[in-house]
>>> print(open('structure.tsv').read())   # TSV, C-alpha atoms
chain	number	residue	atom	x	y	z
A	1	MET	CA	204.01	134.82	239.22
A	2	THR	CA	200.62	135.47	237.66
A	3	ALA	CA	200.36	134.02	234.17
A	4	ARG	CA	199.59	136.54	231.42
A	5	ILE	CA	197.16	135.15	228.87
A	6	GLY	CA	196.52	137.20	225.73
A	7	VAL	CA	193.07	137.40	224.16
A	8	VAL	CA	193.09	138.51	220.51
A	9	THR	CA	190.48	140.86	219.05
A	10	PHE	CA	189.99	140.83	215.27
A	11	PRO	CA	187.37	142.99	213.55
A	12	GLY	CA	184.20	140.96	214.12
A	13	THR	CA	185.41	139.00	217.15
A	14	LEU	CA	182.53	138.59	219.61
A	15	ASP	CA	183.71	136.53	222.55
A	16	ASP	CA	186.89	138.34	223.55
A	17	ARG	CA	185.34	139.76	226.74
A	18	ASP	CA	184.02	136.35	227.78
A	19	ALA	CA	187.41	134.78	227.09
A	20	ALA	CA	189.15	137.47	229.14
A	21	ARG	CA	186.68	136.86	231.97
A	22	ALA	CA	187.39	133.13	231.84
A	23	VAL	CA	191.13	133.83	232.05
A	24	ARG	CA	190.57	136.07	235.08
A	25	LEU	CA	188.27	133.57	236.85
A	26	ALA	CA	190.91	130.88	236.31
A	27	GLY	CA	193.46	133.01	238.15
A	28	ALA	CA	195.51	134.49	235.32
A	29	GLU	CA	195.81	138.04	234.04
A	30	PRO	CA	193.98	138.64	230.75
A	31	VAL	CA	195.88	140.83	228.28
A	32	SER	CA	194.07	142.36	225.29
A	33	LEU	CA	195.84	141.85	221.96
A	34	PHE	CA	194.70	143.74	218.88
A	35	HIS	CA	194.83	142.42	215.32
A	36	ALA	CA	196.52	145.53	213.89
A	37	GLU	CA	199.42	145.60	216.37
A	38	PRO	CA	202.11	142.96	215.84
A	39	ASP	CA	202.93	142.95	219.58
A	40	LEU	CA	202.29	139.99	221.88
A	41	LYS	CA	202.92	142.13	225.00
A	42	ASP	CA	205.00	139.43	226.73
A	43	VAL	CA	202.05	137.08	227.21
A	44	ASP	CA	202.62	133.47	228.26
A	45	ALA	CA	199.68	131.99	226.34
A	46	ILE	CA	197.10	133.13	223.76
A	47	VAL	CA	193.37	132.62	223.23
A	48	LEU	CA	191.82	133.22	219.80
A	49	PRO	CA	188.15	133.74	220.67
A	50	GLY	CA	185.00	133.14	218.67
A	51	GLY	CA	182.93	135.44	216.51
A	52	PHE	CA	182.89	136.30	212.85
A	53	SER	CA	186.27	137.84	212.12
A	54	TYR	CA	186.10	140.03	209.02
A	55	GLY	CA	182.46	139.01	208.68
A	56	ASP	CA	183.61	135.48	207.77
A	57	TYR	CA	183.98	136.88	204.25
A	58	LEU	CA	185.83	134.59	201.82
A	59	ARG	CA	185.87	131.71	204.34
A	60	ALA	CA	185.48	131.58	208.12
A	61	GLY	CA	188.75	132.79	209.64
A	62	ALA	CA	190.45	133.24	206.27
A	63	ILE	CA	191.22	136.95	206.33
A	64	SER	CA	192.47	136.96	209.95
A	65	ARG	CA	195.40	134.97	208.63
A	66	PHE	CA	196.72	138.17	207.06
A	67	SER	CA	196.39	140.38	210.18
A	68	PRO	CA	199.66	141.91	211.42
A	69	ILE	CA	199.47	140.03	214.75
A	70	THR	CA	198.85	136.61	213.22
A	71	GLU	CA	202.41	136.00	212.07
A	72	LYS	CA	203.63	136.67	215.63
A	73	ILE	CA	201.08	134.19	216.98
A	74	VAL	CA	202.20	131.52	214.51
A	75	ASP	CA	205.86	132.03	215.48
A	76	ALA	CA	204.99	131.86	219.19
A	77	ALA	CA	202.91	128.71	218.68
A	78	ASN	CA	205.74	127.06	216.75
A	79	GLY	CA	208.02	128.00	219.63
A	80	GLY	CA	205.78	126.10	222.06
A	81	MET	CA	203.53	128.80	223.50
A	82	PRO	CA	200.08	127.48	224.51
A	83	VAL	CA	197.51	128.72	221.98
A	84	LEU	CA	193.77	127.96	222.17
A	85	GLY	CA	191.40	128.63	219.25
A	86	ILE	CA	187.68	128.62	220.06
A	87	CYS	CA	185.09	128.44	217.23
A	88	ASN	CA	186.20	131.20	214.83
A	89	GLY	CA	189.60	131.02	216.53
A	90	PHE	CA	189.77	127.31	215.62
A	91	GLN	CA	188.94	128.27	212.03
A	92	VAL	CA	191.80	130.80	212.09
A	93	LEU	CA	194.21	128.10	213.38
A	94	THR	CA	193.32	125.85	210.44
A	95	GLU	CA	193.66	128.70	207.94
A	96	VAL	CA	197.21	129.42	209.20
A	97	HIS	CA	197.96	125.66	209.09
A	98	LEU	CA	198.78	125.35	212.78
A	99	LEU	CA	196.07	122.67	212.81
A	100	PRO	CA	195.03	120.42	209.90
A	101	GLY	CA	191.64	120.25	208.20
A	102	SER	CA	189.00	122.93	207.85
A	103	MET	CA	185.43	123.83	208.76
A	104	ILE	CA	182.58	124.02	206.27
A	105	LYS	CA	178.92	124.91	206.67
A	106	ASN	CA	176.92	122.70	209.06
A	107	GLU	CA	175.49	119.65	207.30
A	108	HIS	CA	171.93	120.77	208.10
A	109	LEU	CA	172.75	124.41	207.11
A	110	HIS	CA	171.26	125.85	210.32
A	111	PHE	CA	172.94	128.05	212.86
A	112	ILE	CA	172.94	126.01	216.03
A	113	CYS	CA	173.08	127.04	219.69
A	114	ARG	CA	172.85	124.43	222.44
A	115	ASP	CA	174.53	122.93	225.48
A	116	GLN	CA	176.77	120.22	224.07
A	117	THR	CA	178.33	117.20	225.72
A	118	LEU	CA	181.94	116.54	224.70
A	119	ARG	CA	184.30	113.72	225.58
A	120	VAL	CA	187.86	114.69	226.45
A	121	GLU	CA	189.88	112.32	224.27
A	122	ASN	CA	193.30	113.73	225.10
A	123	ALA	CA	193.95	115.05	228.62
A	124	ASP	CA	197.63	115.53	227.88
A	125	THR	CA	197.61	118.90	226.09
A	126	ASP	CA	198.47	122.29	227.56
A	127	TRP	CA	194.74	123.14	227.60
A	128	THR	CA	193.34	119.82	228.90
A	129	ARG	CA	195.82	118.48	231.46
A	130	GLU	CA	193.46	119.01	234.41
A	131	TYR	CA	190.73	116.89	232.80
A	132	GLU	CA	190.68	113.09	232.91
A	133	ASP	CA	190.95	111.06	229.70
A	134	GLY	CA	187.43	110.04	228.73
A	135	GLN	CA	185.75	112.67	230.93
A	136	ASP	CA	182.44	114.06	229.64
A	137	ILE	CA	181.96	117.82	229.90
A	138	ILE	CA	179.12	120.17	228.92
A	139	VAL	CA	179.84	123.52	227.26
A	140	PRO	CA	177.78	125.73	224.92
A	141	LEU	CA	178.07	125.28	221.16
A	142	LYS	CA	177.01	127.98	218.69
A	143	ASN	CA	178.01	128.09	215.05
A	144	GLN	CA	177.02	127.95	211.42
A	145	ASP	CA	180.30	126.77	209.89
A	146	GLY	CA	181.15	124.03	212.34
A	147	GLN	CA	181.47	120.92	210.23
A	148	TYR	CA	185.04	119.69	210.67
A	149	VAL	CA	186.44	118.11	207.49
A	150	ALA	CA	189.82	116.68	206.47
A	151	ASP	CA	190.91	113.96	204.05
A	152	GLU	CA	190.85	110.35	205.28
A	153	HIS	CA	194.64	110.16	205.55
A	154	THR	CA	194.73	113.22	207.83
A	155	LEU	CA	191.86	111.86	209.94
A	156	ASP	CA	193.62	108.50	210.34
A	157	GLU	CA	196.81	110.29	211.33
A	158	LEU	CA	194.98	112.43	213.93
A	159	GLU	CA	193.38	109.30	215.42
A	160	ALA	CA	196.64	107.31	215.43
A	161	GLU	CA	198.58	110.11	217.12
A	162	GLY	CA	195.88	110.78	219.74
A	163	ARG	CA	195.37	114.25	218.36
A	164	VAL	CA	191.57	114.19	218.47
A	165	ALA	CA	191.22	116.24	221.67
A	166	PHE	CA	187.39	116.33	221.91
A	167	ARG	CA	184.54	114.36	220.38
A	168	TYR	CA	180.82	115.14	220.33
A	169	VAL	CA	178.82	112.76	222.53
A	170	GLY	CA	175.17	111.79	222.07
A	171	TRP	CA	174.62	113.78	218.90
A	172	ASN	CA	176.92	115.13	216.21
A	173	PRO	CA	175.58	118.70	215.85
A	174	ASN	CA	177.11	119.66	212.50
A	175	GLY	CA	178.21	116.58	210.56
A	176	SER	CA	181.85	116.80	211.63
A	177	ARG	CA	183.97	113.88	210.42
A	178	ARG	CA	184.29	111.16	213.05
A	179	ASP	CA	182.38	113.34	215.58
A	180	ILE	CA	185.47	115.53	216.01
A	181	ALA	CA	184.83	118.65	218.11
A	182	GLY	CA	188.45	119.67	218.67
A	183	ILE	CA	192.02	118.70	217.84
A	184	THR	CA	195.57	119.41	218.99
A	185	ASN	CA	198.94	119.72	217.29
A	186	ALA	CA	201.55	116.99	217.91
A	187	ARG	CA	203.28	118.98	220.64
A	188	GLY	CA	200.01	119.58	222.54
A	189	ASN	CA	200.41	123.34	222.89
A	190	VAL	CA	197.99	124.34	220.10
A	191	VAL	CA	194.37	123.25	220.61
A	192	GLY	CA	191.28	124.22	218.60
A	193	LEU	CA	187.62	123.37	219.13
A	194	MET	CA	184.24	124.57	217.90
A	195	PRO	CA	182.32	124.61	221.24
A	196	HIS	CA	182.81	127.44	223.74
A	197	PRO	CA	184.45	126.58	227.07
A	198	GLU	CA	184.69	130.29	227.95
A	199	HIS	CA	180.88	130.38	228.33
A	200	ALA	CA	180.94	127.72	231.06
A	201	VAL	CA	183.18	129.19	233.73
A	202	GLU	CA	180.93	130.72	236.41
A	203	ARG	CA	177.95	129.41	238.40
A	204	GLY	CA	174.77	131.22	237.39
A	205	PHE	CA	176.03	131.92	233.87
A	206	GLY	CA	176.93	128.47	232.55
A	207	PRO	CA	175.07	125.79	230.56
A	208	ASP	CA	171.46	125.36	231.60
A	209	SER	CA	171.40	121.59	231.35
A	210	THR	CA	172.65	121.03	234.88
A	211	GLU	CA	170.74	120.08	238.04
A	212	GLU	CA	170.75	123.61	239.39
A	213	GLY	CA	170.39	125.30	236.00
A	214	ARG	CA	173.11	127.49	234.52
A	215	ALA	CA	175.52	126.03	237.04
A	216	GLY	CA	177.96	124.34	234.64
A	217	THR	CA	181.58	125.41	234.92
A	218	ASP	CA	183.21	122.59	232.97
A	219	GLY	CA	184.95	125.06	230.65
A	220	LEU	CA	187.05	126.68	233.37
A	221	THR	CA	189.42	123.71	233.37
A	222	PHE	CA	190.77	124.76	229.93
A	223	PHE	CA	192.13	127.91	231.48
A	224	THR	CA	193.37	126.42	234.76
A	225	SER	CA	195.06	123.70	232.67
A	226	ALA	CA	196.93	126.37	230.70
A	227	ILE	CA	198.08	128.03	233.93
A	228	SER	CA	199.35	124.75	235.38
A	229	SER	CA	201.07	123.95	232.05
A	230	LEU	CA	202.88	127.27	232.23
A	231	LEU	CA	203.96	126.59	235.82
A	232	ALA	CA	205.12	123.08	234.91
A	233	ASN	CA	207.17	124.38	231.98
A	234	ALA	CA	208.58	127.38	233.86
B	1	MET	CA	190.92	147.69	181.83
B	2	ALA	CA	190.71	143.91	181.99
B	3	THR	CA	189.21	141.40	184.35
B	4	ILE	CA	190.71	138.15	185.56
B	5	VAL	CA	188.03	135.67	186.54
B	6	VAL	CA	188.80	133.03	189.16
B	7	HIS	CA	186.48	130.09	189.75
B	8	VAL	CA	186.72	128.11	192.98
B	9	MET	CA	184.70	124.96	193.71
B	10	PRO	CA	184.39	122.69	196.73
B	11	LYS	CA	186.50	119.55	196.24
B	12	PRO	CA	184.50	116.63	194.78
B	13	GLU	CA	185.04	114.51	197.91
B	14	ILE	CA	183.86	117.33	200.21
B	15	LEU	CA	180.12	117.42	200.79
B	16	ASP	CA	178.66	120.70	199.61
B	17	PRO	CA	175.79	121.50	202.02
B	18	GLN	CA	174.81	124.67	200.12
B	19	GLY	CA	174.67	122.94	196.74
B	20	LYS	CA	172.72	120.10	198.31
B	21	ALA	CA	170.13	122.52	199.72
B	22	VAL	CA	169.75	124.26	196.38
B	23	GLY	CA	169.48	120.89	194.65
B	24	ALA	CA	166.71	119.82	197.03
B	25	ALA	CA	164.76	123.06	196.44
B	26	LEU	CA	164.82	123.03	192.63
B	27	PRO	CA	162.22	120.25	192.14
B	28	ARG	CA	159.82	122.11	194.44
B	29	LEU	CA	159.69	124.85	191.80
B	30	GLY	CA	159.28	122.34	189.01
B	31	PHE	CA	162.93	122.19	187.99
B	32	ASP	CA	163.18	118.42	188.10
B	33	GLN	CA	165.63	118.02	185.20
B	34	PHE	CA	168.75	118.26	187.36
B	35	ALA	CA	170.36	115.36	189.19
B	36	GLY	CA	172.57	117.50	191.44
B	37	VAL	CA	173.91	120.96	192.25
B	38	ARG	CA	177.31	122.06	193.48
B	39	GLN	CA	177.86	125.67	194.49
B	40	GLY	CA	181.16	127.47	194.05
B	41	LYS	CA	182.61	130.98	193.97
B	42	ARG	CA	183.51	133.42	191.20
B	43	PHE	CA	186.02	136.22	191.85
B	44	GLU	CA	186.56	139.09	189.40
B	45	LEU	CA	189.97	140.72	189.74
B	46	THR	CA	190.12	143.95	187.77
B	47	VAL	CA	193.44	145.14	186.40
B	48	ASP	CA	194.37	148.67	185.31
B	49	GLY	CA	196.06	148.22	181.95
B	50	GLU	CA	197.25	145.05	180.33
B	51	VAL	CA	197.21	141.59	181.87
B	52	THR	CA	200.82	140.52	181.46
B	53	ASP	CA	202.07	136.98	182.14
B	54	GLU	CA	203.39	138.29	185.43
B	55	VAL	CA	200.00	139.66	186.49
B	56	LEU	CA	198.31	136.43	185.51
B	57	ALA	CA	200.88	134.45	187.48
B	58	LYS	CA	200.16	136.63	190.53
B	59	ALA	CA	196.42	136.03	190.07
B	60	ARG	CA	197.07	132.27	190.04
B	61	GLU	CA	199.17	132.60	193.19
B	62	ALA	CA	196.42	134.62	194.92
B	63	ALA	CA	193.85	132.05	193.84
B	64	GLU	CA	195.89	129.17	195.28
B	65	THR	CA	196.98	130.85	198.51
B	66	MET	CA	194.11	133.12	199.53
B	67	LEU	CA	190.99	132.87	197.40
B	68	SER	CA	190.80	129.13	197.98
B	69	ASN	CA	191.63	126.78	200.83
B	70	PRO	CA	193.28	123.69	199.30
B	71	VAL	CA	191.94	121.52	202.12
B	72	ILE	CA	188.34	121.97	200.98
B	73	GLU	CA	188.43	123.73	197.59
B	74	ASP	CA	189.94	123.52	194.09
B	75	VAL	CA	190.81	126.45	191.83
B	76	VAL	CA	188.97	125.42	188.66
B	77	SER	CA	190.13	128.23	186.38
B	78	VAL	CA	191.99	131.53	186.24
B	79	ALA	CA	191.27	133.29	182.96
B	80	VAL	CA	191.35	136.76	181.42
B	81	GLU	CA	188.05	138.27	180.30
B	82	GLU	CA	188.61	141.22	177.94
B	83	ASN	CA	186.15	144.11	178.40
>>> encode(input="structure.tsv", output="structure tokens")
Amino acid sequence: MTARIGVVTFPGTLDDRDAARAVRLAGAEPVSLFHAEPDLKDVDAIVLPGGFSYGDYLRAGAISRFSPITEKIVDAANGGMPVLGICNGFQVLTEVHLLPGSMIKNEHLHFICRDQTLRVENADTDWTREYEDGQDIIVPLKNQDGQYVADEHTLDELEAEGRVAFRYVGWNPNGSRRDIAGITNARGNVVGLMPHPEHAVERGFGPDSTEEGRAGTDGLTFFTSAISSLLANA
Amino acid sequence: MATIVVHVMPKPEILDPQGKAVGAALPRLGFDQFAGVRQGKRFELTVDGEVTDEVLAKAREAAETMLSNPVIEDVVSVAVEEN
């Protein structure tokens, strides 16, 4: 069986092609899902890619919440389907309350684009199971509204339940509370993060900050993890 | 025709990077009277006809559920502005 992983395109999504490519390189079949069609096309997992859905008008990710497909995604996620939100996709997951907290403008107000080191804090989610706990990975980061915020009670709860999935290492690029780069829901099937694993999946096109240059493929493990989660749960 | 004005502000405990940047720039232009700036949003919802209690209730609901995100923002006011 080849896993079918859906990649959602909203108006203003930018990284859907890269996400589909990452799915393919990991060994699954990418399936295009469109915001206006409330049809999940029998996919086994879903990626909400990055970009600026609906121009980020109102708030980043806010209007995507009201797209016809979004309700289907929320139902599927609540039913246990693996769902990954990257950057704008993470913002959408917070707006639909699948993940707590929210993103506001970067503390320094600048758009930022760099290779970023992250620490895998939870290697027990559907999207991280092939990493090791505490492993450092390098993937690109690019955003303007990347500062993760939540109230102290929520942050304490996330820490206590091991739901901080990724933390920034070396430098916090946007002022995110407690250096949080990504989080998971309690069940471990819904994961959101600001950095972009789908841009670090193929030698020659990955992060530059590696010995060979552009050789980093640390992000591919997100997608192979999802495939092995699907096989384990089959 | 009437307008319902909705004001949304970042929660007090949430840092407001935009307001902070504006606040830092004001003294450079000689506006040194102000101790701080917070930046929010104003929405104008126009209504054909009269603003009934029902319409106003719907505006409040829209303000709480869509125009603001309760995690980071407060709805400060929802009020009718007669033209």
>>> closest_residue(input="structure.tsv", among="A:Val149, A:Ile180, A:Leu109, A:Ile138", to="A:Ala200", atoms="only C-alpha atoms")
A:Ile138
>>> atom_distance(input="structure.tsv", atom1="atom CA of A:Glu152", atom2="atom CA of A:Leu99")
15.4 Å
>>> closest_residue(input="structure.tsv", among="B:Met9, B:Leu56, B:Val47, B:Val37", to="B:Val22", atoms="all atoms listed in the file")
B:Val37
>>> interface_residues(input="structure.tsv", of="chain A", to="chain B", cutoff="12 Å", atoms="all atoms listed in the file", output="number ranges by chain")
A: 57-66, 91-92, 94-97, 99-110, 144-152, 154, 174-177
>>> write_last_selection(input="structure.tsv", atoms="C-alpha atoms", output="mmCIF file, in the frame of the given file")
data_model
loop_
_atom_site.group_PDB
_atom_site.id
_atom_site.type_symbol
_atom_site.label_atom_id
_atom_site.label_comp_id
_atom_site.auth_asym_id
_atom_site.auth_seq_id
_atom_site.Cartn_x
_atom_site.Cartn_y
_atom_site.Cartn_z
ATOM 1 C CA TYR A 57 183.980 136.880 204.250
ATOM 2 C CA LEU A 58 185.830 134.590 201.820
ATOM 3 C CA ARG A 59 185.870 131.710 204.340
ATOM 4 C CA ALA A 60 185.480 131.580 208.120
ATOM 5 C CA GLY A 61 188.750 132.790 209.640
ATOM 6 C CA ALA A 62 190.450 133.240 206.270
ATOM 7 C CA ILE A 63 191.220 136.950 206.330
ATOM 8 C CA SER A 64 192.470 136.960 209.950
ATOM 9 C CA ARG A 65 195.400 134.970 208.630
ATOM 10 C CA PHE A 66 196.720 138.170 207.060
ATOM 11 C CA GLN A 91 188.940 128.270 212.030
ATOM 12 C CA VAL A 92 191.800 130.800 212.090
ATOM 13 C CA THR A 94 193.320 125.850 210.440
ATOM 14 C CA GLU A 95 193.660 128.700 207.940
ATOM 15 C CA VAL A 96 197.210 129.420 209.200
ATOM 16 C CA HIS A 97 197.960 125.660 209.090
ATOM 17 C CA LEU A 99 196.070 122.670 212.810
ATOM 18 C CA PRO A 100 195.030 120.420 209.900
ATOM 19 C CA GLY A 101 191.640 120.250 208.200
ATOM 20 C CA SER A 102 189.000 122.930 207.850
ATOM 21 C CA MET A 103 185.430 123.830 208.760
ATOM 22 C CA ILE A 104 182.580 124.020 206.270
ATOM 23 C CA LYS A 105 178.920 124.910 206.670
ATOM 24 C CA ASN A 106 176.920 122.700 209.060
ATOM 25 C CA GLU A 107 175.490 119.650 207.300
ATOM 26 C CA HIS A 108 171.930 120.770 208.100
ATOM 27 C CA LEU A 109 172.750 124.410 207.110
ATOM 28 C CA HIS A 110 171.260 125.850 210.320
ATOM 29 C CA GLN A 144 177.020 127.950 211.420
ATOM 30 C CA ASP A 145 180.300 126.770 209.890
ATOM 31 C CA GLY A 146 181.150 124.030 212.340
ATOM 32 C CA GLN A 147 181.470 120.920 210.230
ATOM 33 C CA TYR A 148 185.040 119.690 210.670
ATOM 34 C CA VAL A 149 186.440 118.110 207.490
ATOM 35 C CA ALA A 150 189.820 116.680 206.470
ATOM 36 C CA ASP A 151 190.910 113.960 204.050
ATOM 37 C CA GLU A 152 190.850 110.350 205.280
ATOM 38 C CA THR A 154 194.730 113.220 207.830
ATOM 39 C CA ASN A 174 177.110 119.660 212.500
ATOM 40 C CA GLY A 175 178.210 116.580 210.560
ATOM 41 C CA SER A 176 181.850 116.800 211.630
ATOM 42 C CA ARG A 177 183.970 113.880 210.420
#
>>> residues_around(input="structure.tsv", residues="B:Val5", least_positions_apart="4", cutoff="9 Å", atoms="only C-alpha atoms", output="list in words")
Arg42, Phe43, Glu44, Leu45, Thr46, Ser77, Val78, Ala79, Val80 and Glu81 of chain B
>>> residues_near_point(input="structure.tsv", point="(181.5, 112.5, 221.3)", cutoff="6 Å", atoms="only C-alpha atoms", output="mmCIF file with C-alpha atoms, keeping the file's coordinate frame")
data_model
loop_
_atom_site.group_PDB
_atom_site.id
_atom_site.type_symbol
_atom_site.label_atom_id
_atom_site.label_comp_id
_atom_site.auth_asym_id
_atom_site.auth_seq_id
_atom_site.Cartn_x
_atom_site.Cartn_y
_atom_site.Cartn_z
ATOM 1 C CA LEU A 118 181.940 116.540 224.700
ATOM 2 C CA ARG A 119 184.300 113.720 225.580
ATOM 3 C CA ARG A 167 184.540 114.360 220.380
ATOM 4 C CA TYR A 168 180.820 115.140 220.330
ATOM 5 C CA VAL A 169 178.820 112.760 222.530
ATOM 6 C CA ASP A 179 182.380 113.340 215.580
#
>>> closest_residue(input="structure.tsv", among="B:Ala35, B:Ala57, B:Ala63, B:Ile4", to="B:Gly23", atoms="all atoms listed in the file")
B:Ala35
>>> atom_distance(input="structure.tsv", atom1="atom CA of A:Ser229", atom2="atom CA of A:Arg24")
16.3 Å
>>> atom_distance(input="structure.tsv", atom1="atom CA of A:Phe52", atom2="atom CA of A:Gly204")
26.3 Å
>>> residues_near_point(input="structure.tsv", point="(188.5, 112.4, 223.4)", cutoff="9 Å", atoms="only C-alpha atoms", output="list in words")
Leu118, Arg119, Val120, Glu121, Asn122, Ala123, Asp133, Gly134, Gln135, Asp136, Gly162, Arg163, Val164, Ala165, Phe166, Arg167, Tyr168, Ile180, Ala181 and Gly182 of chain A
>>> decode(input="structure.tsv", residues="stretch 19-41 of chain B", atoms="N, CA and C atoms", output="PDB file, in the first residue's frame")
ATOM      1  N   GLY B  19       2.982  48.237  18.006  1.00  0.00           N
ATOM      2  CA  GLY B  19       2.841  49.415  18.857  1.00  0.00           C
ATOM      3  C   GLY B  19       4.185  49.854  19.418  1.00  0.00           C
ATOM      4  N   LYS B  20       5.006  48.847  19.772  1.00  0.00           N
ATOM      5  CA  LYS B  20       6.321  49.146  20.329  1.00  0.00           C
ATOM      6  C   LYS B  20       7.185  49.874  19.298  1.00  0.00           C
ATOM      7  N   ALA B  21       7.113  49.442  18.042  1.00  0.00           N
ATOM      8  CA  ALA B  21       7.912  50.074  16.986  1.00  0.00           C
ATOM      9  C   ALA B  21       7.451  51.507  16.749  1.00  0.00           C
ATOM     10  N   VAL B  22       6.135  51.693  16.749  1.00  0.00           N
ATOM     11  CA  VAL B  22       5.603  53.051  16.565  1.00  0.00           C
ATOM     12  C   VAL B  22       6.026  53.925  17.739  1.00  0.00           C
ATOM     13  N   GLY B  23       5.917  53.357  18.947  1.00  0.00           N
ATOM     14  CA  GLY B  23       6.297  54.091  20.148  1.00  0.00           C
ATOM     15  C   GLY B  23       7.762  54.522  20.133  1.00  0.00           C
ATOM     16  N   ALA B  24       8.622  53.663  19.569  1.00  0.00           N
ATOM     17  CA  ALA B  24      10.051  53.978  19.517  1.00  0.00           C
ATOM     18  C   ALA B  24      10.345  55.057  18.471  1.00  0.00           C
ATOM     19  N   ALA B  25       9.480  55.140  17.433  1.00  0.00           N
ATOM     20  CA  ALA B  25       9.729  56.092  16.346  1.00  0.00           C
ATOM     21  C   ALA B  25       9.222  57.499  16.673  1.00  0.00           C
ATOM     22  N   LEU B  26       8.198  57.596  17.509  1.00  0.00           N
ATOM     23  CA  LEU B  26       7.603  58.908  17.796  1.00  0.00           C
ATOM     24  C   LEU B  26       8.619  59.947  18.301  1.00  0.00           C
ATOM     25  N   PRO B  27       9.455  59.607  19.296  1.00  0.00           N
ATOM     26  CA  PRO B  27      10.403  60.615  19.805  1.00  0.00           C
ATOM     27  C   PRO B  27      11.371  61.107  18.738  1.00  0.00           C
ATOM     28  N   ARG B  28      11.649  60.279  17.749  1.00  0.00           N
ATOM     29  CA  ARG B  28      12.580  60.681  16.683  1.00  0.00           C
ATOM     30  C   ARG B  28      12.020  61.841  15.880  1.00  0.00           C
ATOM     31  N   LEU B  29      10.683  61.971  15.892  1.00  0.00           N
ATOM     32  CA  LEU B  29      10.050  63.091  15.180  1.00  0.00           C
ATOM     33  C   LEU B  29       9.654  64.200  16.155  1.00  0.00           C
ATOM     34  N   GLY B  30      10.156  64.098  17.364  1.00  0.00           N
ATOM     35  CA  GLY B  30       9.891  65.139  18.342  1.00  0.00           C
ATOM     36  C   GLY B  30       8.653  64.921  19.184  1.00  0.00           C
ATOM     37  N   PHE B  31       7.954  63.811  18.947  1.00  0.00           N
ATOM     38  CA  PHE B  31       6.778  63.514  19.783  1.00  0.00           C
ATOM     39  C   PHE B  31       7.242  62.748  21.012  1.00  0.00           C
ATOM     40  N   ASP B  32       7.715  63.481  22.014  1.00  0.00           N
ATOM     41  CA  ASP B  32       8.283  62.798  23.175  1.00  0.00           C
ATOM     42  C   ASP B  32       7.362  62.883  24.398  1.00  0.00           C
ATOM     43  N   GLN B  33       6.070  63.185  24.129  1.00  0.00           N
ATOM     44  CA  GLN B  33       5.115  63.324  25.226  1.00  0.00           C
ATOM     45  C   GLN B  33       4.500  61.983  25.631  1.00  0.00           C
ATOM     46  N   PHE B  34       4.723  60.940  24.832  1.00  0.00           N
ATOM     47  CA  PHE B  34       3.951  59.707  25.013  1.00  0.00           C
ATOM     48  C   PHE B  34       4.806  58.580  25.580  1.00  0.00           C
ATOM     49  N   ALA B  35       4.277  57.957  26.627  1.00  0.00           N
ATOM     50  CA  ALA B  35       5.054  56.926  27.325  1.00  0.00           C
ATOM     51  C   ALA B  35       4.959  55.571  26.614  1.00  0.00           C
ATOM     52  N   GLY B  36       3.913  55.372  25.814  1.00  0.00           N
ATOM     53  CA  GLY B  36       3.776  54.076  25.147  1.00  0.00           C
ATOM     54  C   GLY B  36       2.729  54.112  24.059  1.00  0.00           C
ATOM     55  N   VAL B  37       2.758  53.136  23.169  1.00  0.00           N
ATOM     56  CA  VAL B  37       1.774  53.029  22.098  1.00  0.00           C
ATOM     57  C   VAL B  37       1.327  51.572  22.000  1.00  0.00           C
ATOM     58  N   ARG B  38       0.037  51.359  21.882  1.00  0.00           N
ATOM     59  CA  ARG B  38      -0.464  50.040  21.519  1.00  0.00           C
ATOM     60  C   ARG B  38      -1.320  50.200  20.269  1.00  0.00           C
ATOM     61  N   GLN B  39      -1.167  49.258  19.339  1.00  0.00           N
ATOM     62  CA  GLN B  39      -1.855  49.378  18.064  1.00  0.00           C
ATOM     63  C   GLN B  39      -2.919  48.298  17.947  1.00  0.00           C
ATOM     64  N   GLY B  40      -4.140  48.736  17.598  1.00  0.00           N
ATOM     65  CA  GLY B  40      -5.237  47.784  17.450  1.00  0.00           C
ATOM     66  C   GLY B  40      -5.890  47.889  16.090  1.00  0.00           C
ATOM     67  N   LYS B  41      -7.122  47.366  15.994  1.00  0.00           N
ATOM     68  CA  LYS B  41      -7.831  47.349  14.711  1.00  0.00           C
ATOM     69  C   LYS B  41      -9.220  47.946  14.868  1.00  0.00           C
TER      70      LYS B  41
END
